[in-house]
Amino acid sequence: MGDSATVPVLLDCDPGHDDMFAILLAAAHPAIDLLAVTTVAGNGPLEAVTRNALAICTLAGLDGTVVAAGADRALNGGRHTAPGIHGESALDGAALPDPAIPLADEDAVTLMARLLEESERPVTIAATGPLTNVATLLDARPDLRGRIERIVFMGGSAGRGNTTPVAEFNVYVDPEAADRVLRSGLPLLMCGLDVTHQALAVPEVFRRLRAIGGALPSTLEALLRFYGGAYEKVFGMPDPPVHDPVAIAAIADPDVVACVDVAVTVELKGEHTRGATVVDLHRVTGAEPNARVAMELDRGRFWDLMLDAITTLAR
Ligand code: RIB
Ligand code: CA
């Protein structure tokens with residue numbers, strides 16, 4: 001149970017290689033009290049991402065982590081996965097242990113609501129997958145809005161997309177959910193591709209990861225190599241962007257990112273632009289800012305946070 005110096009966090013994710021690093025950072029960083037991990041269909045089907053979340057917690061020795069499964073499809077019923085990046089299991093690249101921790105009896109939204117009610121302090125919701133569970137929570141339990149400190153999400157982009165030319169994956173999979181969150185009026189921090197494409201796993205990162213030594217870093221390196229190979233093949237990027245832990249780092253150490261307060265909307269109707277986040281960086285629309293958007297990353301500080309977390313868990 002965290003003390004007043006820690007930030008209570010609910011992490012909703014779709015593991016996914018980069019979600020895995022987000023889970024590890026959230027679990028290990030002393031400034032974060034990870035209340036639970038919830039899963040949402042995204043990088044893989046719900047069953048796959050949920051199994052991966054349980055396996056990651058098992059691999060890292062996070063035996064006390066509460067894991068609950070959420071939505072198996074987007075609000076509009078759509079299902080869109082990313083096997084080209086994460087593989088058929090949604091976490092290809094290394095043998096993972098059979099999950100040794102149980103899946104919660106409650107579904108994700110029920111668990112999130114209960115933890116919001118029980119927390120002594122307002123809770124930060126971190127989301128690194130499609131926002132389906134978060135939007136469902138906001139719709140189902142408007143009475144709990146006051147228990148939410150803010151929503152910090154990896155998603156969207158002020159520029160180009162990675163799933164269509166203009167749409168980033170998490171928002172593209174469930175644009176209606178992203179729209180609910182963006183219109184919620186809650187404090188939002190968006191960590192989009194603008195900042196997460198600065199979190200590149202360059203060769204030095206692999207060297208430092210290997211130097212930690214032990215089974216966990218070795219497995220993480222194999223998984224990261226698979227992810228890197230996919231990024232090279234699909235996007236021609238020699239060093240893969242490790243998107244999701246940027247959102248967690250921004251909670252643990254806010255100065256790791258530089259942000260702007262701007263108006264962000266999401267396109268729901270465009271034949272060619274559905275799922276695009278429209279980020280009014282130059283305030284040309286006159287719309288009031290509804291989100292803080294991270295635009296710059298202190299890369300050295302970020303990788304120190306991430307690798308320190310892995311070192312802590314590898315002990
Ligand atoms: O666009 C990148 C995001 O989509 C990351 O969260 C990745 O895990 C996928 O969910
Ligand atoms: Ca993700």
# chains A, B, ... in the order shown; residues from 1 in each chain; ligands from 1
>>> residues_near_ligand(ligand="ligand 2", cutoff="12 Å", atoms="only C-alpha atoms and all ligand atoms", output="VMD selection string")
chain A and resid 11 to 23 38 to 44 49 53 81 to 82 85 to 86 90 to 91 126 to 131 153 to 156 168 to 171 173 191 to 192 196 241 to 248
>>> write_last_selection(atoms="N, CA and C atoms", output="short mmCIF file (atom, residue, chain, number, x, y, z; two decimals), in the first residue's frame")
data_model
loop_
_atom_site.label_atom_id
_atom_site.label_comp_id
_atom_site.auth_asym_id
_atom_site.auth_seq_id
_atom_site.Cartn_x
_atom_site.Cartn_y
_atom_site.Cartn_z
N LEU A 11 -3.05 0.69 -14.25
CA LEU A 11 -2.46 0.59 -15.59
C LEU A 11 -3.33 -0.30 -16.47
N ASP A 12 -3.88 0.31 -17.53
CA ASP A 12 -4.71 -0.44 -18.49
C ASP A 12 -3.89 -0.62 -19.76
N CYS A 13 -3.74 -1.84 -20.22
CA CYS A 13 -2.74 -2.08 -21.27
C CYS A 13 -3.12 -3.25 -22.17
N ASP A 14 -2.33 -3.40 -23.26
CA ASP A 14 -2.57 -4.48 -24.23
C ASP A 14 -1.24 -5.16 -24.59
N PRO A 15 -0.59 -5.77 -23.59
CA PRO A 15 0.77 -6.31 -23.80
C PRO A 15 0.82 -7.36 -24.93
N GLY A 16 1.70 -7.04 -25.73
CA GLY A 16 2.48 -5.94 -26.30
C GLY A 16 3.82 -5.74 -25.57
N HIS A 17 4.87 -5.72 -26.46
CA HIS A 17 6.24 -5.60 -25.98
C HIS A 17 6.46 -4.32 -25.19
N ASP A 18 5.96 -3.20 -25.72
CA ASP A 18 6.23 -1.95 -25.00
C ASP A 18 5.35 -1.82 -23.77
N ASP A 19 4.12 -2.41 -23.82
CA ASP A 19 3.30 -2.45 -22.59
C ASP A 19 4.03 -3.20 -21.49
N MET A 20 4.76 -4.23 -21.86
CA MET A 20 5.52 -5.02 -20.89
C MET A 20 6.49 -4.11 -20.14
N PHE A 21 7.19 -3.25 -20.84
CA PHE A 21 8.12 -2.33 -20.17
C PHE A 21 7.37 -1.32 -19.30
N ALA A 22 6.16 -0.97 -19.72
CA ALA A 22 5.35 -0.06 -18.90
C ALA A 22 4.96 -0.73 -17.59
N ILE A 23 4.59 -2.00 -17.66
CA ILE A 23 4.23 -2.74 -16.44
C ILE A 23 5.44 -2.80 -15.49
N THR A 38 -4.90 -3.83 -15.78
CA THR A 38 -6.08 -4.32 -16.49
C THR A 38 -5.73 -4.44 -17.98
N THR A 39 -6.44 -5.35 -18.64
CA THR A 39 -6.08 -5.61 -20.04
C THR A 39 -7.25 -5.29 -20.97
N VAL A 40 -6.86 -4.93 -22.20
CA VAL A 40 -7.83 -4.55 -23.23
C VAL A 40 -7.34 -5.09 -24.56
N ALA A 41 -8.23 -5.57 -25.38
CA ALA A 41 -7.82 -6.06 -26.70
C ALA A 41 -7.17 -4.92 -27.47
N GLY A 42 -6.08 -5.25 -28.12
CA GLY A 42 -5.36 -4.21 -28.90
C GLY A 42 -4.27 -4.88 -29.72
N ASN A 43 -3.07 -4.91 -29.19
CA ASN A 43 -1.96 -5.54 -29.92
C ASN A 43 -2.29 -6.99 -30.28
N GLY A 44 -3.11 -7.58 -29.47
CA GLY A 44 -3.56 -8.96 -29.68
C GLY A 44 -4.99 -9.09 -29.15
N VAL A 49 -3.45 -10.89 -24.78
CA VAL A 49 -2.83 -9.80 -24.01
C VAL A 49 -2.98 -10.03 -22.52
N ALA A 53 0.04 -10.41 -19.88
CA ALA A 53 0.16 -9.60 -18.66
C ALA A 53 0.48 -10.50 -17.46
N THR A 81 -5.78 -5.90 -34.57
CA THR A 81 -4.59 -6.28 -33.79
C THR A 81 -3.32 -5.91 -34.57
N ALA A 82 -2.17 -6.20 -33.96
CA ALA A 82 -0.90 -5.78 -34.58
C ALA A 82 0.11 -6.94 -34.61
N ILE A 85 3.80 -6.42 -35.69
CA ILE A 85 4.77 -5.80 -34.77
C ILE A 85 5.02 -6.69 -33.55
N HIS A 86 3.97 -7.28 -33.02
CA HIS A 86 4.10 -8.01 -31.75
C HIS A 86 4.04 -9.52 -31.90
N ALA A 90 1.14 -11.78 -29.57
CA ALA A 90 1.19 -10.38 -29.12
C ALA A 90 2.39 -10.10 -28.22
N LEU A 91 3.23 -11.13 -27.99
CA LEU A 91 4.49 -10.93 -27.23
C LEU A 91 5.47 -12.01 -27.66
N ALA A 126 -3.39 5.17 -15.96
CA ALA A 126 -2.43 5.13 -17.07
C ALA A 126 -2.98 4.14 -18.09
N ALA A 127 -3.03 4.56 -19.36
CA ALA A 127 -3.57 3.68 -20.40
C ALA A 127 -2.55 3.59 -21.54
N THR A 128 -2.18 2.36 -21.87
CA THR A 128 -1.20 2.18 -22.94
C THR A 128 -1.73 1.28 -24.05
N GLY A 129 -3.01 1.13 -24.09
CA GLY A 129 -3.68 0.40 -25.17
C GLY A 129 -4.87 1.22 -25.64
N PRO A 130 -5.72 0.63 -26.46
CA PRO A 130 -6.96 1.33 -26.81
C PRO A 130 -7.73 1.72 -25.57
N LEU A 131 -8.48 2.82 -25.63
CA LEU A 131 -9.07 3.41 -24.42
C LEU A 131 -10.45 2.85 -24.10
N PHE A 153 -2.20 8.85 -21.02
CA PHE A 153 -2.32 7.77 -22.00
C PHE A 153 -1.28 7.87 -23.11
N MET A 154 -0.81 6.72 -23.53
CA MET A 154 0.02 6.63 -24.74
C MET A 154 -0.97 6.47 -25.88
N GLY A 155 -0.97 7.47 -26.77
CA GLY A 155 -1.86 7.36 -27.92
C GLY A 155 -1.86 8.65 -28.70
N GLY A 156 -2.30 8.53 -29.93
CA GLY A 156 -2.44 9.72 -30.76
C GLY A 156 -1.12 10.23 -31.29
N GLU A 168 -2.71 6.90 -35.09
CA GLU A 168 -1.86 6.06 -34.24
C GLU A 168 -2.69 4.86 -33.79
N PHE A 169 -2.06 3.72 -33.53
CA PHE A 169 -2.75 2.46 -33.30
C PHE A 169 -3.80 2.52 -32.19
N ASN A 170 -3.45 2.94 -30.98
CA ASN A 170 -4.38 2.87 -29.85
C ASN A 170 -5.65 3.67 -30.11
N VAL A 171 -5.47 4.84 -30.73
CA VAL A 171 -6.66 5.66 -31.02
C VAL A 171 -7.41 5.08 -32.21
N VAL A 173 -7.72 1.97 -33.10
CA VAL A 173 -8.49 0.76 -32.75
C VAL A 173 -9.84 1.13 -32.15
N CYS A 191 0.62 11.11 -24.32
CA CYS A 191 1.99 10.80 -24.77
C CYS A 191 1.86 10.13 -26.13
N GLY A 192 1.89 10.96 -27.16
CA GLY A 192 1.68 10.45 -28.51
C GLY A 192 2.98 10.10 -29.20
N THR A 196 6.93 9.58 -28.09
CA THR A 196 7.37 8.18 -27.90
C THR A 196 8.34 7.74 -29.01
N PRO A 241 10.95 2.28 -31.33
CA PRO A 241 10.42 3.16 -30.27
C PRO A 241 9.68 2.35 -29.23
N VAL A 242 10.07 2.51 -27.97
CA VAL A 242 9.40 1.76 -26.90
C VAL A 242 8.37 2.72 -26.28
N HIS A 243 7.21 2.74 -26.90
CA HIS A 243 6.21 3.79 -26.64
C HIS A 243 5.71 3.85 -25.18
N ASP A 244 5.16 2.75 -24.70
CA ASP A 244 4.29 2.79 -23.52
C ASP A 244 4.95 3.22 -22.21
N PRO A 245 6.19 2.81 -21.92
CA PRO A 245 6.77 3.26 -20.64
C PRO A 245 6.99 4.76 -20.57
N VAL A 246 6.93 5.46 -21.70
CA VAL A 246 7.04 6.93 -21.65
C VAL A 246 5.89 7.51 -20.82
N ALA A 247 4.70 6.93 -20.96
CA ALA A 247 3.56 7.41 -20.17
C ALA A 247 3.78 7.18 -18.68
N ILE A 248 4.38 6.07 -18.35
CA ILE A 248 4.64 5.76 -16.94
C ILE A 248 5.77 6.64 -16.40
#
>>> select_by_dssp(residues="region 52-244 of chain A", states="alpha helix (DSSP H)", output="number ranges by chain")
A: 52-59, 83-86, 108-118, 132-140, 169-173, 175-182, 193-196, 203-212, 215-235
>>> write_last_selection(atoms="C-alpha atoms", output="CSV table (one decimal), in the first residue's frame")
chain,number,residue,atom,x,y,z
A,52,ASN,CA,0.9,-11.9,-21.6
A,53,ALA,CA,0.2,-9.6,-18.7
A,54,LEU,CA,0.0,-12.6,-16.3
A,55,ALA,CA,3.2,-14.1,-17.8
A,56,ILE,CA,5.1,-10.7,-17.5
A,57,CYS,CA,4.2,-10.4,-13.8
A,58,THR,CA,5.2,-14.0,-13.3
A,59,LEU,CA,8.5,-13.5,-15.2
A,83,PRO,CA,0.7,-9.2,-35.3
A,84,GLY,CA,3.1,-7.6,-37.7
A,85,ILE,CA,4.8,-5.8,-34.8
A,86,HIS,CA,4.1,-8.0,-31.7
A,108,ALA,CA,-11.4,-4.7,-15.6
A,109,VAL,CA,-14.0,-2.0,-15.3
A,110,THR,CA,-15.5,-3.5,-12.1
A,111,LEU,CA,-12.1,-3.7,-10.6
A,112,MET,CA,-11.1,-0.2,-11.7
A,113,ALA,CA,-14.3,1.2,-10.1
A,114,ARG,CA,-13.8,-0.7,-6.8
A,115,LEU,CA,-10.2,0.5,-6.5
A,116,LEU,CA,-11.2,4.1,-7.3
A,117,GLU,CA,-13.8,3.9,-4.5
A,118,GLU,CA,-11.4,2.3,-2.0
A,132,THR,CA,-12.1,1.1,-24.4
A,133,ASN,CA,-12.0,0.1,-20.7
A,134,VAL,CA,-11.3,3.7,-19.6
A,135,ALA,CA,-14.2,5.1,-21.7
A,136,THR,CA,-16.5,2.3,-20.4
A,137,LEU,CA,-15.6,3.2,-16.8
A,138,LEU,CA,-16.3,6.9,-17.4
A,139,ASP,CA,-19.6,6.1,-19.0
A,140,ALA,CA,-20.7,3.5,-16.4
A,169,PHE,CA,-2.8,2.5,-33.3
A,170,ASN,CA,-4.4,2.9,-29.9
A,171,VAL,CA,-6.7,5.7,-31.0
A,172,TYR,CA,-7.3,4.0,-34.4
A,173,VAL,CA,-8.5,0.8,-32.8
A,175,PRO,CA,-11.6,6.2,-31.8
A,176,GLU,CA,-15.0,6.5,-30.1
A,177,ALA,CA,-13.3,5.6,-26.8
A,178,ALA,CA,-10.6,8.1,-27.3
A,179,ASP,CA,-13.2,10.7,-28.1
A,180,ARG,CA,-15.0,10.0,-24.8
A,181,VAL,CA,-11.7,10.5,-22.9
A,182,LEU,CA,-10.8,13.6,-24.8
A,193,LEU,CA,4.1,9.4,-31.2
A,194,ASP,CA,5.7,12.8,-31.2
A,195,VAL,CA,7.3,12.0,-27.8
A,196,THR,CA,7.4,8.2,-27.9
A,203,PRO,CA,22.3,-0.3,-29.3
A,204,GLU,CA,23.5,1.4,-26.1
A,205,VAL,CA,20.2,0.5,-24.5
A,206,PHE,CA,20.6,-3.2,-25.5
A,207,ARG,CA,24.2,-3.1,-24.1
A,208,ARG,CA,23.0,-1.6,-20.8
A,209,LEU,CA,20.2,-4.1,-20.6
A,210,ARG,CA,22.6,-7.0,-21.2
A,211,ALA,CA,25.0,-5.7,-18.6
A,212,ILE,CA,22.4,-6.0,-15.9
A,215,ALA,CA,17.3,-14.2,-16.5
A,216,LEU,CA,14.9,-11.3,-16.6
A,217,PRO,CA,17.1,-8.9,-18.6
A,218,SER,CA,18.1,-11.8,-20.9
A,219,THR,CA,14.4,-12.5,-21.7
A,220,LEU,CA,13.6,-8.9,-22.1
A,221,GLU,CA,16.5,-8.5,-24.5
A,222,ALA,CA,15.2,-11.3,-26.6
A,223,LEU,CA,11.7,-9.9,-26.7
A,224,LEU,CA,13.1,-6.4,-27.5
A,225,ARG,CA,15.1,-7.8,-30.4
A,226,PHE,CA,12.0,-9.4,-31.8
A,227,TYR,CA,10.2,-6.1,-31.5
A,228,GLY,CA,13.1,-4.3,-33.0
A,229,GLY,CA,13.2,-6.7,-36.0
A,230,ALA,CA,9.5,-6.1,-36.6
A,231,TYR,CA,10.0,-2.3,-36.5
A,232,GLU,CA,12.9,-2.6,-38.9
A,233,LYS,CA,10.9,-4.7,-41.3
A,234,VAL,CA,7.6,-2.8,-41.1
A,235,PHE,CA,8.8,0.8,-40.7
>>> closest_residue(among="A:Gly185, A:Thr65, A:Pro30, A:Ala158", to="His282 (chain A)", atoms="only C-alpha atoms")
A:Ala158
>>> closest_residue(among="A:Lys269, A:Arg145, A:His80, A:Arg274", to="ligand 1", atoms="only C-alpha atoms and all ligand atoms")
A:His80
>>> residues_around(residues="Ile151 (chain A)", least_positions_apart="4", cutoff="6 Å", atoms="only C-alpha atoms", output="ChimeraX atom specification")
/A:124-126,188
>>> write_last_selection(atoms="N, CA, C and O atoms", output="mmCIF file, in the first residue's frame")
data_model
loop_
_atom_site.group_PDB
_atom_site.id
_atom_site.type_symbol
_atom_site.label_atom_id
_atom_site.label_comp_id
_atom_site.auth_asym_id
_atom_site.auth_seq_id
_atom_site.Cartn_x
_atom_site.Cartn_y
_atom_site.Cartn_z
ATOM 1 N N THR A 124 -4.408 7.937 -10.472
ATOM 2 C CA THR A 124 -4.023 8.217 -11.860
ATOM 3 C C THR A 124 -4.301 6.966 -12.694
ATOM 4 O O THR A 124 -3.867 5.871 -12.336
ATOM 5 N N ILE A 125 -5.045 7.151 -13.772
ATOM 6 C CA ILE A 125 -5.266 6.045 -14.701
ATOM 7 C C ILE A 125 -4.245 6.185 -15.834
ATOM 8 O O ILE A 125 -4.214 7.208 -16.534
ATOM 9 N N ALA A 126 -3.388 5.172 -15.964
ATOM 10 C CA ALA A 126 -2.430 5.130 -17.071
ATOM 11 C C ALA A 126 -2.979 4.142 -18.092
ATOM 12 O O ALA A 126 -3.385 3.033 -17.729
ATOM 13 N N LEU A 188 -5.863 15.476 -18.575
ATOM 14 C CA LEU A 188 -5.314 14.455 -19.475
ATOM 15 C C LEU A 188 -3.860 14.772 -19.801
ATOM 16 O O LEU A 188 -3.507 15.928 -20.014
#
>>> residues_around(residues="Ala250 (chain A)", least_positions_apart="4", cutoff="10 Å", atoms="only C-alpha atoms", output="ChimeraX atom specification")
/A:152,189,191,245-246,254-258,294,297,302
>>> atom_distance(atom1="CA of Asp298 (chain A)", atom2="CA of Gly275 (chain A)")
27.9 Å
>>> select_by_dssp(residues="region 240-295 of chain A", states="strand (DSSP E)", output="list in words")
Val257, Ala258, Cys259, Val260, Asp261, Val262, Val264, Thr265, Val266, Thr277, Val278, Val279, Ala291, Arg292, Val293, Ala294 and Met295 of chain A
>>> atom_distance(atom1="CA of Val284 (chain A)", atom2="CA of Thr164 (chain A)")
24.5 Å
>>> closest_residue(among="A:Met190, A:Val260, A:Leu305, A:Val278", to="ligand 1", atoms="only C-alpha atoms and all ligand atoms")
A:Met190
>>> closest_residue(among="A:Val262, A:Ala167, A:Ala199, A:Val123", to="ligand 1", atoms="only C-alpha atoms and all ligand atoms")
A:Ala167
>>> atom_distance(atom1="CA of Ile101 (chain A)", atom2="CA of Ala69 (chain A)")
13.4 Å
